[in-house]
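Have a look at run.pdb; it's PDB, C-alpha atoms:
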```
ATOM      1  CA  GLU A   1      25.195 114.772 116.628
ATOM      2  CA  THR A   2      24.803 117.363 119.396
ATOM      3  CA  ALA A   3      22.730 120.463 120.025
ATOM      4  CA  GLU A   4      25.638 122.425 118.588
ATOM      5  CA  GLY A   5      25.512 120.480 115.325
ATOM      6  CA  PRO A   6      27.176 117.431 113.808
ATOM      7  CA  ILE A   7      30.718 116.612 114.848
ATOM      8  CA  THR A   8      33.200 115.445 112.246
ATOM      9  CA  PRO A   9      34.793 112.123 113.271
ATOM     10  CA  VAL A  10      38.119 112.827 114.951
ATOM     11  CA  GLY A  11      39.707 110.006 112.971
ATOM     12  CA  ASN A  12      39.314 112.042 109.785
ATOM     13  CA  GLU A  13      40.952 115.167 111.179
ATOM     14  CA  LYS A  14      44.483 116.080 112.119
ATOM     15  CA  PHE A  15      45.202 118.503 114.942
ATOM     16  CA  VAL A  16      47.582 121.288 113.876
ATOM     17  CA  HIS A  17      47.595 124.035 116.494
ATOM     18  CA  GLY A  18      45.675 125.608 119.370
ATOM     19  CA  ASP A  19      43.594 124.161 122.200
ATOM     20  CA  LYS A  20      43.377 120.440 121.451
ATOM     21  CA  ASN A  21      40.425 119.961 123.801
ATOM     22  CA  SER A  22      38.299 122.776 122.370
ATOM     23  CA  ARG A  23      35.066 121.939 120.547
ATOM     24  CA  ASN A  24      35.571 124.968 118.308
ATOM     25  CA  LYS A  25      37.450 124.286 115.099
ATOM     26  CA  ILE A  26      39.277 126.492 112.646
ATOM     27  CA  LEU A  27      39.646 124.474 109.449
ATOM     28  CA  LEU A  28      42.968 124.687 107.634
ATOM     29  CA  ILE A  29      42.687 124.367 103.845
ATOM     30  CA  SER A  30      45.975 124.274 101.942
ATOM     31  CA  VAL A  31      46.600 125.227  98.327
ATOM     32  CA  ASN A  32      50.092 124.200  97.270
ATOM     33  CA  GLY A  33      51.735 124.345  93.864
ATOM     34  CA  ILE A  34      50.447 125.318  90.448
ATOM     35  CA  ILE A  35      46.653 125.482  90.311
ATOM     36  CA  LEU A  36      45.720 123.128  87.503
ATOM     37  CA  GLU A  37      42.885 120.634  87.751
ATOM     38  CA  LYS A  38      44.429 117.262  87.014
ATOM     39  CA  SER A  39      42.731 114.189  88.463
ATOM     40  CA  ASP A  40      44.111 110.673  88.142
ATOM     41  CA  ASP A  41      41.363 108.190  87.327
ATOM     42  CA  SER A  42      41.708 104.438  86.936
ATOM     43  CA  LEU A  43      39.754 101.276  87.573
ATOM     44  CA  PHE A  44      40.946 101.080  91.179
ATOM     45  CA  TYR A  45      41.438 104.630  92.409
ATOM     46  CA  ASN A  46      40.431 108.226  91.824
ATOM     47  CA  LYS A  47      42.890 110.858  93.004
ATOM     48  CA  LYS A  48      41.052 114.159  93.389
ATOM     49  CA  GLY A  49      42.393 117.341  91.876
ATOM     50  CA  ILE A  50      42.809 120.605  93.741
ATOM     51  CA  LEU A  51      39.331 121.948  92.895
ATOM     52  CA  GLU A  52      37.509 118.835  94.127
ATOM     53  CA  THR A  53      39.649 118.759  97.274
ATOM     54  CA  ILE A  54      38.755 122.368  98.103
ATOM     55  CA  LYS A  55      35.073 121.697  97.380
ATOM     56  CA  ASP A  56      35.172 118.757  99.806
ATOM     57  CA  ASN A  57      36.808 120.868 102.514
ATOM     58  CA  LEU A  58      34.306 123.704 102.121
ATOM     59  CA  SER A  59      31.426 121.217 102.175
ATOM     60  CA  ARG A  60      32.782 119.773 105.439
ATOM     61  CA  ALA A  61      33.062 123.247 106.935
ATOM     62  CA  GLU A  62      29.490 124.011 105.878
ATOM     63  CA  GLU A  63      28.084 120.841 107.474
ATOM     64  CA  ASP A  64      30.055 120.921 110.723
ATOM     65  CA  ASN A  65      28.681 123.602 113.047
ATOM     66  CA  ASN A  66      31.797 123.308 115.203
ATOM     67  CA  VAL A  67      33.863 124.802 112.375
ATOM     68  CA  ARG A  68      33.909 128.473 113.352
ATOM     69  CA  GLY A  69      36.408 129.775 110.807
ATOM     70  CA  ILE A  70      38.739 128.877 107.946
ATOM     71  CA  VAL A  71      42.421 129.518 107.415
ATOM     72  CA  LEU A  72      43.352 129.242 103.743
ATOM     73  CA  SER A  73      47.070 128.536 103.479
ATOM     74  CA  VAL A  74      48.324 129.553 100.028
ATOM     75  CA  ASN A  75      51.689 128.616  98.545
ATOM     76  CA  SER A  76      51.203 128.953  94.804
ATOM     77  CA  PRO A  77      52.348 130.976  91.779
ATOM     78  CA  GLY A  78      48.814 130.646  90.393
ATOM     79  CA  GLY A  79      47.630 128.556  87.472
ATOM     80  CA  GLY A  80      44.891 128.250  84.889
ATOM     81  CA  ILE A  81      42.369 131.087  84.813
ATOM     82  CA  THR A  82      39.437 128.640  84.848
ATOM     83  CA  GLU A  83      40.697 126.668  87.832
ATOM     84  CA  CYS A  84      41.491 129.821  89.825
ATOM     85  CA  ASP A  85      38.129 131.327  88.950
ATOM     86  CA  GLU A  86      36.267 128.162  89.983
ATOM     87  CA  ILE A  87      38.036 128.085  93.353
ATOM     88  CA  HIS A  88      37.192 131.763  93.855
ATOM     89  CA  HIS A  89      33.580 130.973  92.892
ATOM     90  CA  GLU A  90      33.389 128.121  95.418
ATOM     91  CA  ILE A  91      34.731 130.375  98.178
ATOM     92  CA  MET A  92      32.165 133.067  97.336
ATOM     93  CA  LYS A  93      29.357 130.483  97.373
ATOM     94  CA  PHE A  94      30.530 129.257 100.750
ATOM     95  CA  LYS A  95      30.600 132.807 102.152
ATOM     96  CA  ALA A  96      26.999 133.305 101.022
ATOM     97  CA  LYS A  97      25.902 130.115 102.796
ATOM     98  CA  LYS A  98      27.870 130.250 106.035
ATOM     99  CA  SER A  99      28.900 133.427 107.801
ATOM    100  CA  ILE A 100      32.246 132.482 109.321
ATOM    101  CA  PRO A 101      35.572 134.286 108.874
ATOM    102  CA  ILE A 102      38.034 133.221 106.188
ATOM    103  CA  VAL A 103      41.626 134.273 106.817
ATOM    104  CA  VAL A 104      44.472 133.736 104.360
ATOM    105  CA  SER A 105      47.963 132.758 105.417
ATOM    106  CA  MET A 106      50.380 133.318 102.530
ATOM    107  CA  GLN A 107      53.477 131.160 102.626
ATOM    108  CA  ASP A 108      56.527 131.386 100.350
ATOM    109  CA  LEU A 109      54.557 132.485  97.268
ATOM    110  CA  ALA A 110      50.970 133.614  96.696
ATOM    111  CA  ALA A 111      51.105 135.309  93.340
ATOM    112  CA  SER A 112      48.681 135.874  90.460
ATOM    113  CA  GLY A 113      46.091 133.059  90.725
ATOM    114  CA  GLY A 114      47.366 132.450  94.247
ATOM    115  CA  TYR A 115      46.224 135.987  95.028
ATOM    116  CA  TYR A 116      43.024 135.619  92.982
ATOM    117  CA  ILE A 117      41.768 132.890  95.341
ATOM    118  CA  SER A 118      42.938 134.869  98.396
ATOM    119  CA  ALA A 119      41.105 138.098  97.552
ATOM    120  CA  PRO A 120      37.708 137.141  99.103
ATOM    121  CA  ALA A 121      39.247 136.581 102.550
ATOM    122  CA  GLN A 122      38.225 138.760 105.470
ATOM    123  CA  LYS A 123      41.870 139.179 106.424
ATOM    124  CA  ILE A 124      45.133 138.366 104.634
ATOM    125  CA  PHE A 125      48.444 137.586 106.327
ATOM    126  CA  ALA A 126      51.764 137.214 104.507
ATOM    127  CA  GLN A 127      54.984 135.956 106.000
ATOM    128  CA  PRO A 128      57.922 138.404 106.025
ATOM    129  CA  THR A 129      59.518 136.477 103.144
ATOM    130  CA  THR A 130      56.355 136.012 101.046
ATOM    131  CA  LEU A 131      56.181 137.146  97.429
ATOM    132  CA  THR A 132      52.713 138.103  96.211
ATOM    133  CA  GLY A 133      50.963 140.295  93.656
ATOM    134  CA  SER A 134      51.456 139.680  89.910
ATOM    135  CA  ILE A 135      47.840 140.765  89.360
ATOM    136  CA  GLY A 136      47.269 139.977  85.710
ATOM    137  CA  VAL A 137      47.077 137.457  82.883
ATOM    138  CA  ILE A 138      49.687 135.825  80.689
ATOM    139  CA  MET A 139      49.537 133.701  77.544
ATOM    140  CA  GLU A 140      52.712 132.017  76.362
ATOM    141  CA  PHE A 141      53.654 130.020  73.311
ATOM    142  CA  THR A 142      56.852 129.266  71.388
ATOM    143  CA  ASN A 143      57.627 130.135  67.782
ATOM    144  CA  ILE A 144      59.822 127.406  66.289
ATOM    145  CA  GLU A 145      59.652 128.586  62.664
ATOM    146  CA  GLY A 146      63.351 129.511  62.691
ATOM    147  CA  LEU A 147      64.310 126.071  63.986
ATOM    148  CA  PHE A 148      62.208 124.373  61.290
ATOM    149  CA  THR A 149      63.933 126.478  58.611
ATOM    150  CA  LYS A 150      67.370 125.629  59.982
ATOM    151  CA  ILE A 151      66.808 121.876  59.949
ATOM    152  CA  GLY A 152      64.823 121.818  56.720
ATOM    153  CA  LEU A 153      61.338 121.068  58.052
ATOM    154  CA  GLU A 154      58.164 122.655  56.763
ATOM    155  CA  SER A 155      54.805 122.756  58.556
ATOM    156  CA  ILE A 156      51.738 122.395  56.325
ATOM    157  CA  THR A 157      48.377 123.465  57.755
ATOM    158  CA  ILE A 158      45.003 123.025  56.063
ATOM    159  CA  LYS A 159      42.398 125.188  57.780
ATOM    160  CA  SER A 160      38.764 126.173  57.370
ATOM    161  CA  GLY A 161      39.306 129.823  58.314
ATOM    162  CA  LYS A 162      42.259 132.191  58.371
ATOM    163  CA  LEU A 163      42.301 132.370  62.178
ATOM    164  CA  LYS A 164      41.871 128.636  62.841
ATOM    165  CA  ASP A 165      45.579 128.207  63.647
ATOM    166  CA  ILE A 166      45.983 131.407  65.661
ATOM    167  CA  ALA A 167      49.092 131.200  67.892
ATOM    168  CA  SER A 168      50.577 128.440  65.745
ATOM    169  CA  PRO A 169      54.156 127.721  66.876
ATOM    170  CA  THR A 170      55.342 127.167  63.292
ATOM    171  CA  ARG A 171      54.875 130.694  61.924
ATOM    172  CA  ASP A 172      54.969 134.342  62.943
ATOM    173  CA  MET A 173      51.802 135.891  64.291
ATOM    174  CA  THR A 174      49.984 138.466  62.202
ATOM    175  CA  GLU A 175      49.046 141.911  63.537
ATOM    176  CA  GLU A 176      45.374 140.891  63.491
ATOM    177  CA  GLU A 177      46.079 137.762  65.540
ATOM    178  CA  ASN A 178      48.192 139.725  68.006
ATOM    179  CA  GLU A 179      45.373 142.217  68.472
ATOM    180  CA  ILE A 180      42.797 139.449  69.033
ATOM    181  CA  LEU A 181      44.896 137.719  71.691
ATOM    182  CA  ASN A 182      45.763 141.005  73.387
ATOM    183  CA  LYS A 183      42.058 141.809  73.688
ATOM    184  CA  MET A 184      41.486 138.418  75.342
ATOM    185  CA  VAL A 185      44.298 139.018  77.825
ATOM    186  CA  LYS A 186      42.991 142.497  78.657
ATOM    187  CA  GLU A 187      39.436 141.206  79.144
ATOM    188  CA  MET A 188      40.572 138.530  81.593
ATOM    189  CA  SER A 189      42.823 141.052  83.327
ATOM    190  CA  GLN A 190      39.794 143.262  83.904
ATOM    191  CA  ARG A 191      38.069 140.289  85.523
ATOM    192  CA  PHE A 192      41.056 139.858  87.823
ATOM    193  CA  PHE A 193      41.046 143.574  88.686
ATOM    194  CA  LYS A 194      37.335 143.354  89.541
ATOM    195  CA  VAL A 195      37.996 140.437  91.925
ATOM    196  CA  VAL A 196      40.725 142.428  93.671
ATOM    197  CA  ARG A 197      38.580 145.568  93.883
ATOM    198  CA  GLU A 198      35.659 143.624  95.371
ATOM    199  CA  GLY A 199      37.832 141.768  97.853
ATOM    200  CA  ARG A 200      40.091 144.660  98.871
ATOM    201  CA  LYS A 201      37.776 147.637  99.146
ATOM    202  CA  ASN A 202      40.419 149.642 101.040
ATOM    203  CA  ILE A 203      42.733 149.888  98.014
ATOM    204  CA  THR A 204      42.984 153.452  96.703
ATOM    205  CA  ASP A 205      43.080 154.399  93.021
ATOM    206  CA  GLU A 206      46.734 155.375  93.411
ATOM    207  CA  GLN A 207      47.588 151.993  94.936
ATOM    208  CA  PHE A 208      45.619 150.176  92.259
ATOM    209  CA  LYS A 209      47.537 151.991  89.524
ATOM    210  CA  ILE A 210      50.726 150.430  90.895
ATOM    211  CA  ILE A 211      49.166 146.999  91.390
ATOM    212  CA  SER A 212      47.671 146.819  87.900
ATOM    213  CA  ASP A 213      51.021 146.678  86.097
ATOM    214  CA  ALA A 214      51.264 143.035  87.307
ATOM    215  CA  ARG A 215      54.470 143.504  89.294
ATOM    216  CA  ILE A 216      55.463 141.164  92.128
ATOM    217  CA  PHE A 217      55.626 142.490  95.719
ATOM    218  CA  THR A 218      57.416 141.628  98.932
ATOM    219  CA  ALA A 219      55.204 141.286 102.002
ATOM    220  CA  GLN A 220      55.959 144.825 103.192
ATOM    221  CA  GLN A 221      55.389 146.267  99.716
ATOM    222  CA  ALA A 222      52.109 144.339  99.459
ATOM    223  CA  LYS A 223      50.981 145.771 102.795
ATOM    224  CA  ASN A 224      51.850 149.288 101.649
ATOM    225  CA  ALA A 225      49.842 148.659  98.453
ATOM    226  CA  GLY A 226      46.816 147.377 100.383
ATOM    227  CA  LEU A 227      47.025 143.814  99.041
ATOM    228  CA  ILE A 228      47.488 142.286 102.506
ATOM    229  CA  ASP A 229      46.469 143.299 106.023
ATOM    230  CA  GLU A 230      49.268 142.029 108.236
ATOM    231  CA  ILE A 231      52.698 140.439 108.125
ATOM    232  CA  GLY A 232      52.599 137.252 110.178
ATOM    233  CA  TYR A 233      52.665 133.488 110.270
ATOM    234  CA  LEU A 234      50.155 130.637 110.267
ATOM    235  CA  ASP A 235      49.546 130.910 114.000
ATOM    236  CA  ASP A 236      48.808 134.632 113.588
ATOM    237  CA  ALA A 237      46.210 133.811 110.918
ATOM    238  CA  PHE A 238      44.714 131.188 113.236
ATOM    239  CA  ASN A 239      44.488 133.689 116.103
ATOM    240  CA  ALA A 240      42.854 136.243 113.805
ATOM    241  CA  ALA A 241      40.263 133.705 112.588
ATOM    242  CA  ARG A 242      39.468 132.768 116.187
ATOM    243  CA  ASP A 243      39.116 136.407 117.231
ATOM    244  CA  LEU A 244      36.975 137.277 114.192
ATOM    245  CA  ALA A 245      34.725 134.325 115.076
ATOM    246  CA  GLY A 246      34.272 135.788 118.554
ATOM    247  CA  ILE A 247      35.448 132.702 120.430
ATOM    248  CA  LYS A 248      38.015 132.386 123.221
ATOM    249  CA  ASP A 249      39.404 128.977 122.376
ATOM    250  CA  ALA A 250      39.710 126.852 119.249
ATOM    251  CA  LYS A 251      41.853 124.255 117.567
ATOM    252  CA  LEU A 252      43.287 124.404 114.069
ATOM    253  CA  VAL A 253      42.558 121.170 112.225
ATOM    254  CA  LYS A 254      42.870 119.865 108.695
ATOM    255  CA  ILE A 255      41.048 117.081 106.903
ATOM    256  CA  LYS A 256      43.186 114.008 106.346
ATOM    257  CA  GLN A 257      43.038 112.529 102.876
ATOM    258  CA  ASN A 258      42.112 108.858 102.751
ATOM    259  CA  ILE A 259      45.011 107.061 101.077
ATOM    260  CA  THR A 260      44.278 103.627  99.650
ATOM    261  CA  PHE A 261      46.636 100.826  98.697
ATOM    262  CA  PHE A 262      46.097 101.709  95.038
ATOM    263  CA  ASP A 263      47.045 105.365  95.697
ATOM    264  CA  LEU A 264      50.341 104.199  97.204
ATOM    265  CA  LEU A 265      50.873 101.809  94.306
ATOM    266  CA  SER A 266      50.266 104.607  91.787
ATOM    267  CA  GLU A 267      52.675 107.020  93.520
ATOM    268  CA  THR A 268      55.321 104.289  93.812
ATOM    269  CA  SER A 269      54.973 103.534  90.101
ATOM    270  CA  LYS A 270      55.445 107.221  89.235
ATOM    271  CA  ASN A 271      58.479 107.510  91.496
ATOM    272  CA  LEU A 272      60.067 104.497  89.805
ATOM    273  CA  ASN A 273      59.475 105.997  86.367
ATOM    274  CA  PRO A 274      61.618 109.159  85.999
ATOM    275  CA  ARG A 275      60.265 109.791  82.493
ATOM    276  CA  SER A 276      56.693 109.958  83.827
ATOM    277  CA  LYS A 277      57.706 112.510  86.461
ATOM    278  CA  ILE A 278      59.573 114.629  83.894
ATOM    279  CA  GLU A 279      56.617 114.535  81.482
ATOM    280  CA  ASP A 280      54.205 115.586  84.255
ATOM    281  CA  HIS A 281      56.505 118.466  85.191
ATOM    282  CA  ILE A 282      56.895 119.668  81.604
ATOM    283  CA  GLU A 283      53.135 119.449  81.003
ATOM    284  CA  THR A 284      52.507 121.570  84.101
ATOM    285  CA  ILE A 285      55.117 124.233  83.372
ATOM    286  CA  VAL A 286      54.656 124.351  79.594
ATOM    287  CA  PRO A 287      51.027 123.748  78.555
ATOM    288  CA  THR A 288      50.613 121.574  75.450
ATOM    289  CA  SER A 289      48.594 124.364  73.821
ATOM    290  CA  PRO A 290      48.475 128.142  74.437
ATOM    291  CA  ARG A 291      46.133 129.066  77.273
ATOM    292  CA  LEU A 292      45.374 132.067  79.423
ATOM    293  CA  MET A 293      46.978 131.791  82.841
ATOM    294  CA  TYR A 294      46.811 133.631  86.144
ATOM    295  CA  ILE A 295      50.389 132.708  86.935
ATOM    296  CA  TRP A 296      53.688 134.332  87.828
ATOM    297  CA  ARG A 297      56.682 133.158  85.823
ATOM    298  CA  GLU A 298      60.114 133.624  87.364
TER     299      GLU A 298
END
```
Do you think you could lay out the structure here as structure tokens?
Amino acid sequence: ETAEGPITPVGNEKFVHGDKNSRNKILLISVNGIILEKSDDSLFYNKKGILETIKDNLSRAEEDNNVRGIVLSVNSPGGGITECDEIHHEIMKFKAKKSIPIVVSMQDLAASGGYYISAPAQKIFAQPTTLTGSIGVIMEFTNIEGLFTKIGLESITIKSGKLKDIASPTRDMTEEENEILNKMVKEMSQRFFKVVREGRKNITDEQFKIISDARIFTAQQAKNAGLIDEIGYLDDAFNAARDLAGIKDAKLVKIKQNITFFDLLSETSKNLNPRSKIEDHIETIVPTSPRLMYIWRE
């Protein structure tokens, strides 16, 4: 430990960009893929989900006084509303504890929940080819009543109340059920709108009217709508974080994940089992039960 604060062991960091010899660090935190909290636990290993990984990174940034800024790299169509909201909550808690700049670097896609977690940033960059926006909520489920009728199957449900099986895939939805679910979607959409309003105070009412229909935007369209600040790449976001921190030199680093023998064994087992990989993919894309999502569907 030094007068400037504790130094994270170099062996647990990976240099990415910048002045390799600088003491000042800009921490790169990456969010890739659909934002769903799914941890793998077993007797021998515990693979952390996305929320725990982000918590760990923010905790490291809070403890290490040499971390002078954060670049949040986002490449995600969004995910579950709870997971996205928790990540947003953790970022807001971090901002209240440590006053260092957070800059977002949007990659290929930063839509819906991907934008939700980006909104608190001091500055947002999107690459020229980035797609972003989709500010809203979706709930999806499949009605297979027609299929059941065609093949001669009948679903029998015994329930304690008339709304217990709301959104059942084996029957049509009633007007009352549709109204209930629509109210839920609208309520969570309002929460999303509030997050955007608080994070992007420069957005005008006219711009927000366009944004609130949940459309997707190109980088240039997003800039015109006030959703992003600049069109640029990861190194541009790094330079902005360094400048906002008021320092002349810095290095962009990321925390290396400790991979154990059992982690490798688990991944190898999954790769050798195509059915397991297919099931994981289906479970991610099509939730086993209807749920509210901050996600953009192509």
Selected residue of minimal separation from Asp172 of chain A among A:Ile144, A:Ile135, A:Met184, A:Leu252, counting only C-alpha atoms: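 Ranking A:Ile144, A:Ile135, A:Met184, A:Leu252 by distance to Asp172 of chain A, first place goes to A:Ile144.
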Given the choices A:Val67, A:Val16, A:Met92, A:Ile138, which gets closest to Gly199 of chain A if the distance is worked out from all atoms listed in the file?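 Ranking A:Val67, A:Val16, A:Met92, A:Ile138 by distance to Gly199 of chain A, first place goes to A:Met92.
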Using all atoms listed in the file, find the one residue out of A:Ala110, A:Leu292, A:Val196, A:Leu244 that sits nearest to Ile216 of chain A.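 Selected residue with least distance to Ile216 of chain A: A:Ala110.
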Interatomic distance, atom CA of Asn24 of chain A to atom CA of Asn66 of chain A (Å, one decimal):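 Going from atom CA of Asn24 of chain A over to atom CA of Asn66 of chain A, I get 5.2 Å.
Taking all atoms listed in the file into account, Thr130 of chain A lies nearest to A:Lys223 out of the set A:His17, A:Lys251, A:His88, A:Lys223.
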For Thr132 of chain A, which residue out of A:Tyr116, A:Phe193, A:Phe94, A:Tyr233 is the nearest one, using all atoms listed in the file?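 That would be A:Tyr116, the residue with the smallest distance to Thr132 of chain A.
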Output the residue selection produced by the PyMOL selection byres ((chain A and resi 295) around 6) on the file above, formatted as a list in words.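 The output of the PyMOL selection byres ((chain A and resi 295) around 6) on this file is Pro77, Gly78, Gly79, Ser112, Gly113, Met293, Tyr294 and Trp296 of chain A.
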Once the PyMOL selection byres ((chain A and resi 104) around 7) has been evaluated on this model, what residues remain selected, and can you format them as a VMD selection string? chain A and resid 71 to 73 102 to 103 105 to 106 118 121 123 to 125 237
Step by step: start from the point (37.5, 130.0, 114.1) in the file's coordinates, keep every protein, DNA or RNA residue that has an atom no farther than 7 Å from it, count only C-alpha atoms, and write the set as number ranges by chain. A: 24-26, 67-70, 241-242, 245, 250
For the selection you just gave me, I'd like the residues written to a file as a short mmCIF file (atom, residue, chain, number, x, y, z; two decimals), keeping the file's coordinate frame, keeping C-alpha atoms.
```
data_model
loop_
_atom_site.label_atom_id
_atom_site.label_comp_id
_atom_site.auth_asym_id
_atom_site.auth_seq_id
_atom_site.Cartn_x
_atom_site.Cartn_y
_atom_site.Cartn_z
CA ASN A 24 35.57 124.97 118.31
CA LYS A 25 37.45 124.29 115.10
CA ILE A 26 39.28 126.49 112.65
CA VAL A 67 33.86 124.80 112.38
CA ARG A 68 33.91 128.47 113.35
CA GLY A 69 36.41 129.78 110.81
CA ILE A 70 38.74 128.88 107.95
CA ALA A 241 40.26 133.71 112.59
CA ARG A 242 39.47 132.77 116.19
CA ALA A 245 34.72 134.32 115.08
CA ALA A 250 39.71 126.85 119.25
#
```
Up to 7 Å from (36.0, 126.9, 96.7) in the file's coordinates: name the residues, counting all atoms listed in the file, as a ChimeraX atom specification. /A:54-55,58,86-91
Spatial neighbours of segment 161-169 of chain A, max dist 7 Å, only C-alpha atoms, sep filter under 5 positions, as a VMD selection string: chain A and resid 141 to 145 177
Just how far from atom CA of Asp236 of chain A is atom CA of Ile203 of chain A, in Å to one decimal?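 Straight-line distance from atom CA of Ile203 of chain A to atom CA of Asp236 of chain A works out to 22.6 Å.
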Quick one: 3 Å padding each side, axis-aligned, all listed atoms of segment 143-146 of chain A - centre and edge lengths in Å to one decimal, as AutoDock Vina command-line options?
```
--center_x 60.5 --center_y 128.8 --center_z 65.2 --size_x 11.7 --size_y 8.7 --size_z 11.1
```
Please compute the atom CA of Val137 of chain A-atom CA of Leu109 of chain A distance, one decimal, in Å.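 One can read the atom CA of Val137 of chain A to atom CA of Leu109 of chain A distance as 17.0 Å.
The smallest atom-to-atom distance between Gln127 of chain A and any of A:Leu147, A:Ile34, A:Val74, A:Val195, using all atoms listed in the file, is found for A:Val74.
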Near-Gln220 of chain A list (9 Å; all atoms listed in the file; drop same-chain fewer than 5 positions) as a ChimeraX atom specification: /A:126,128,225,228,230-231
